[in-house]
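**Q** Next up, data.csv (CSV, C-alpha atoms).
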chain,number,residue,atom,x,y,z
A,1,MET,CA,78.0,12.5,0.2
A,2,LYS,CA,74.4,13.7,0.1
A,3,LEU,CA,73.4,10.6,-1.9
A,4,THR,CA,75.1,8.3,0.6
A,5,MET,CA,73.2,10.0,3.5
A,6,ILE,CA,69.9,9.6,1.6
A,7,ILE,CA,70.5,5.9,1.0
A,8,ALA,CA,71.5,5.4,4.6
A,9,ALA,CA,68.4,7.2,5.8
A,10,ALA,CA,66.2,5.1,3.5
A,11,LEU,CA,67.8,1.8,4.7
A,12,LEU,CA,67.4,2.9,8.4
A,13,ALA,CA,63.7,3.8,7.8
A,14,SER,CA,63.0,0.5,6.1
A,15,ALA,CA,64.6,-1.3,9.1
A,16,LEU,CA,62.6,0.5,11.8
A,17,PRO,CA,59.4,-1.5,11.4
A,18,ALA,CA,61.4,-4.7,11.9
A,19,THR,CA,62.9,-3.5,15.2
A,20,ALA,CA,59.8,-2.2,17.0
A,21,HIS,CA,57.8,-4.8,19.0
A,22,GLU,CA,57.1,-3.5,22.4
A,23,GLY,CA,54.1,-5.3,23.6
A,24,ALA,CA,53.6,-7.1,20.3
A,25,LYS,CA,52.6,-10.7,20.0
A,26,HIS,CA,55.1,-13.2,18.7
A,27,PRO,CA,53.0,-15.6,16.6
A,28,ARG,CA,54.7,-18.8,15.6
A,29,LYS,CA,54.8,-18.9,11.9
A,30,VAL,CA,56.5,-21.0,9.3
A,31,ILE,CA,60.0,-19.8,9.1
A,32,ALA,CA,62.4,-20.8,6.4
A,33,SER,CA,65.0,-23.3,7.5
A,34,GLU,CA,68.5,-22.1,7.6
A,35,GLN,CA,71.5,-24.2,8.5
A,36,ARG,CA,73.2,-22.9,11.6
A,37,ASP,CA,76.4,-24.0,13.3
A,38,TRP,CA,74.2,-25.7,16.0
A,39,GLY,CA,71.7,-27.3,13.5
A,40,ILE,CA,68.6,-26.5,11.5
A,41,ALA,CA,64.8,-26.2,12.2
A,42,GLY,CA,63.3,-29.6,12.5
A,43,ASN,CA,60.2,-31.1,11.0
A,44,THR,CA,57.5,-31.6,13.7
A,45,GLY,CA,56.5,-34.9,12.1
A,46,ALA,CA,60.1,-36.3,12.5
A,47,VAL,CA,60.5,-35.5,16.2
A,48,THR,CA,62.5,-38.3,18.0
A,49,ARG,CA,62.3,-36.9,21.5
A,50,THR,CA,60.6,-34.3,23.6
A,51,ILE,CA,62.4,-32.4,26.3
A,52,GLU,CA,60.7,-29.9,28.7
A,53,ILE,CA,62.7,-26.8,29.7
A,54,ARG,CA,61.3,-24.6,32.5
A,55,MET,CA,62.2,-20.9,32.9
A,56,THR,CA,61.5,-18.9,36.0
A,57,ASP,CA,62.1,-15.3,37.2
A,58,ASN,CA,65.2,-16.5,39.2
A,59,MET,CA,66.8,-16.3,35.7
A,60,ARG,CA,67.5,-20.0,35.4
A,61,PHE,CA,66.5,-22.8,33.1
A,62,THR,CA,65.7,-26.3,34.4
A,63,PRO,CA,67.5,-28.4,33.2
A,64,GLU,CA,70.5,-26.2,32.6
A,65,ARG,CA,72.3,-28.9,30.6
A,66,LEU,CA,71.0,-31.2,27.8
A,67,GLU,CA,72.7,-34.0,25.9
A,68,VAL,CA,71.3,-35.0,22.5
A,69,ARG,CA,72.8,-37.2,19.7
A,70,GLN,CA,73.8,-35.7,16.4
A,71,GLY,CA,70.8,-36.1,14.0
A,72,GLU,CA,68.2,-36.1,16.7
A,73,ILE,CA,65.1,-34.0,16.0
A,74,VAL,CA,64.1,-32.7,19.4
A,75,LYS,CA,60.9,-30.9,20.4
A,76,LEU,CA,61.8,-28.5,23.2
A,77,VAL,CA,58.7,-27.6,25.2
A,78,VAL,CA,59.7,-24.3,26.8
A,79,LYS,CA,57.6,-23.5,29.8
A,80,ASN,CA,57.6,-20.1,31.6
A,81,GLY,CA,56.8,-20.5,35.3
A,82,GLY,CA,57.6,-16.9,36.0
A,83,GLN,CA,55.7,-13.6,36.1
A,84,MET,CA,57.6,-11.9,33.2
A,85,LEU,CA,58.3,-12.6,29.6
A,86,HIS,CA,61.2,-14.9,28.9
A,87,GLU,CA,62.7,-16.5,25.7
A,88,LEU,CA,64.9,-19.3,24.7
A,89,VAL,CA,67.4,-18.8,21.9
A,90,LEU,CA,69.7,-21.5,20.6
A,91,GLY,CA,73.2,-20.6,19.5
A,92,THR,CA,77.0,-20.6,19.9
A,93,LYS,CA,78.4,-18.6,22.8
A,94,ASP,CA,79.8,-16.0,20.5
A,95,GLU,CA,76.5,-15.6,18.6
A,96,LEU,CA,74.5,-15.3,21.8
A,97,ASP,CA,77.0,-12.8,23.3
A,98,ALA,CA,76.6,-10.6,20.2
A,99,HIS,CA,72.8,-10.9,20.2
A,100,ALA,CA,72.6,-10.1,23.9
A,101,ALA,CA,74.7,-7.0,23.3
A,102,ALA,CA,72.3,-5.9,20.5
A,103,MET,CA,69.3,-6.5,22.8
A,104,MET,CA,70.8,-4.2,25.4
A,105,LYS,CA,71.2,-1.4,22.9
A,106,PHE,CA,67.8,-2.1,21.2
A,107,PRO,CA,65.6,-3.7,23.9
A,108,GLY,CA,62.5,-3.6,21.7
A,109,MET,CA,64.1,-5.2,18.6
A,110,GLU,CA,61.9,-7.9,17.0
A,111,HIS,CA,63.3,-11.3,16.2
A,112,ASP,CA,61.4,-14.4,15.2
A,113,GLU,CA,63.5,-17.1,13.9
A,114,ALA,CA,63.3,-20.9,14.0
A,115,HIS,CA,66.0,-21.2,16.7
A,116,MET,CA,64.2,-18.9,19.2
A,117,VAL,CA,60.9,-18.7,21.1
A,118,HIS,CA,59.3,-16.1,23.3
A,119,VAL,CA,57.1,-17.4,26.2
A,120,LYS,CA,54.7,-15.3,28.1
A,121,PRO,CA,54.2,-15.9,31.8
A,122,ALA,CA,52.4,-19.2,32.7
A,123,LYS,CA,52.5,-20.3,29.0
A,124,SER,CA,54.6,-22.8,27.0
A,125,GLU,CA,55.8,-22.8,23.4
A,126,PRO,CA,57.4,-25.5,21.3
A,127,LEU,CA,60.7,-25.3,19.5
A,128,VAL,CA,61.6,-28.2,17.1
A,129,TRP,CA,65.3,-28.4,16.2
A,130,ASN,CA,67.4,-30.9,14.2
A,131,PHE,CA,70.7,-31.1,16.1
A,132,ASN,CA,72.6,-32.1,12.9
A,133,ARG,CA,76.0,-30.8,14.0
A,134,ALA,CA,78.1,-32.2,16.9
A,135,GLY,CA,79.5,-29.8,19.5
A,136,GLU,CA,78.7,-27.8,22.6
A,137,PHE,CA,76.2,-25.0,22.2
A,138,GLN,CA,74.1,-22.9,24.4
A,139,PHE,CA,70.5,-21.7,24.9
A,140,ALA,CA,69.7,-18.5,26.7
A,141,CYS,CA,67.2,-15.8,27.4
A,142,LEU,CA,68.5,-12.7,25.7
A,143,LEU,CA,66.0,-10.2,27.0
A,144,PRO,CA,67.9,-7.3,28.6
A,145,GLY,CA,69.4,-8.2,31.9
A,146,HIS,CA,68.3,-11.9,31.8
A,147,TYR,CA,71.4,-13.2,30.0
A,148,GLN,CA,73.6,-11.0,32.1
A,149,ALA,CA,72.0,-12.5,35.2
A,150,GLY,CA,73.1,-16.0,34.1
A,151,MET,CA,70.0,-17.2,32.2
A,152,VAL,CA,72.0,-19.6,30.1
A,153,GLY,CA,72.1,-23.4,29.5
A,154,THR,CA,74.3,-25.8,27.6
A,155,ILE,CA,73.4,-28.4,24.9
A,156,VAL,CA,76.0,-31.0,24.2
A,157,VAL,CA,75.4,-32.7,20.8
A,158,LEU,CA,77.2,-36.0,20.9
A,159,PRO,CA,78.6,-37.3,17.5
A,160,ALA,CA,76.2,-39.7,15.8
A,161,SER,CA,78.6,-42.6,16.4
A,162,ASN,CA,78.7,-42.0,20.2
A,163,GLN,CA,76.2,-44.2,21.9
A,164,GLY,CA,76.5,-42.5,25.3
A,165,ASN,CA,73.6,-41.6,27.6
A,166,LYS,CA,71.0,-39.1,26.7
A,167,SER,CA,69.5,-36.7,29.2
As structure tokens, what does this structure read like?

**A**
Amino acid sequence: MKLTMIIAAALLASALPATAHEGAKHPRKVIASEQRDWGIAGNTGAVTRTIEIRMTDNMRFTPERLEVRQGEIVKLVVKNGGQMLHELVLGTKDELDAHAAAMMKFPGMEHDEAHMVHVKPAKSEPLVWNFNRAGEFQFACLLPGHYQAGMVGTIVVLPASNQGNKS
């Protein structure tokens, strides 16, 4: 029992630096690509389309819905037109729900992965993504209260064989 408590305390202590980031910068760094249900980080040199997404303090994205074709490597230029920090995180509804719940419990938790970007007021940040899986996915701001206020959008990834319209 005592050994288990010591191990648990050591694991918790080693995780604390990864969770604290109040006021910390979020530098964009090279992040290892990991296949997700909604795709994988894209190579900047292979971008096939650029889409601007604007965020504001009314807790909305513009546009709120995107359509891309499976296999497209898209550069999302995420612009924050508000006065507060916002972020854009790609994912499935279930994954975003779980992440948003964790953010409510641990509002200062640090996260810097290829499928997310923090954007300071009046700034913009790029996010390059290879939408290599068809389906309907979401993007959201998971900062405490933002997701709950409806700061969510939809990305429809059309199968590669579908030659429908892109938006």

**Q** Provide the CA of Glu136 in chain A to CA of Ala101 in chain A distance in Å, to one decimal place.

**A**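 So the two atoms, CA of Glu136 in chain A and CA of Ala101 in chain A, lie 21.2 Å apart.
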
**Q** Leaving out range 121-126 of chain A and any residue of its chain fewer than 2 positions from it, which residues lie within 12 Å of it when counting only C-alpha atoms, given as a PyMOL selection string?

**A** chain A and resi 26-29+41-42+44+47+50-57+74-88+114-119+128-129

**Q** Please report the interatomic distance between CA of Val68 in chain A and CA of Asn132 in chain A in Å with one decimal.

**A** 10.1 Å

**Q** In file coordinates, which residues lie within 9 Å of (70.1, -32.1, 11.7) using only C-alpha atoms, given as a PyMOL selection string?

**A** chain A and resi 35+38-42+70-73+129-133

**Q** What does the distance from CA of Glu64 in chain A to CA of Thr154 in chain A come to in Å, to one decimal?

**A**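 Here the two named atoms are 6.3 Å from each other.
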
**Q** Restricting the calculation to only C-alpha atoms: of A:Ser161, A:Ala102, A:Gly153, A:Pro63, which residue gets closest to Cys141 in chain A?

**A** A:Gly153

**Q** Under the rule that all atoms listed in the file are counted, which of A:Val152, A:Phe139, A:Pro159, A:Pro107 is the nearest residue to Asn58 in chain A?

**A**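 Counting all atoms listed in the file, the residue closest to Asn58 in chain A is A:Val152.
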
**Q** So, counting only C-alpha atoms, which residue among A:Leu90, A:Leu158, A:Ala149, A:Ala98 is closest to Asp37 in chain A?

**A**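 Using only C-alpha atoms, Asp37 in chain A sits closest to A:Leu90.
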
**Q** With only C-alpha atoms as the atoms that count, which of A:Ala134, A:Val89, A:Ala100, A:Val156 lies nearest to Glu113 in chain A?

**A**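 Once distances to Glu113 in chain A are computed over only C-alpha atoms, the minimum belongs to A:Val89.
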
**Q** List the neighbours of Gly91 in chain A out to 6 Å using all atoms listed in the file; skip same-chain residues closer than 4 positions along the sequence, and give me the result as a count of residues only.

**A** 3
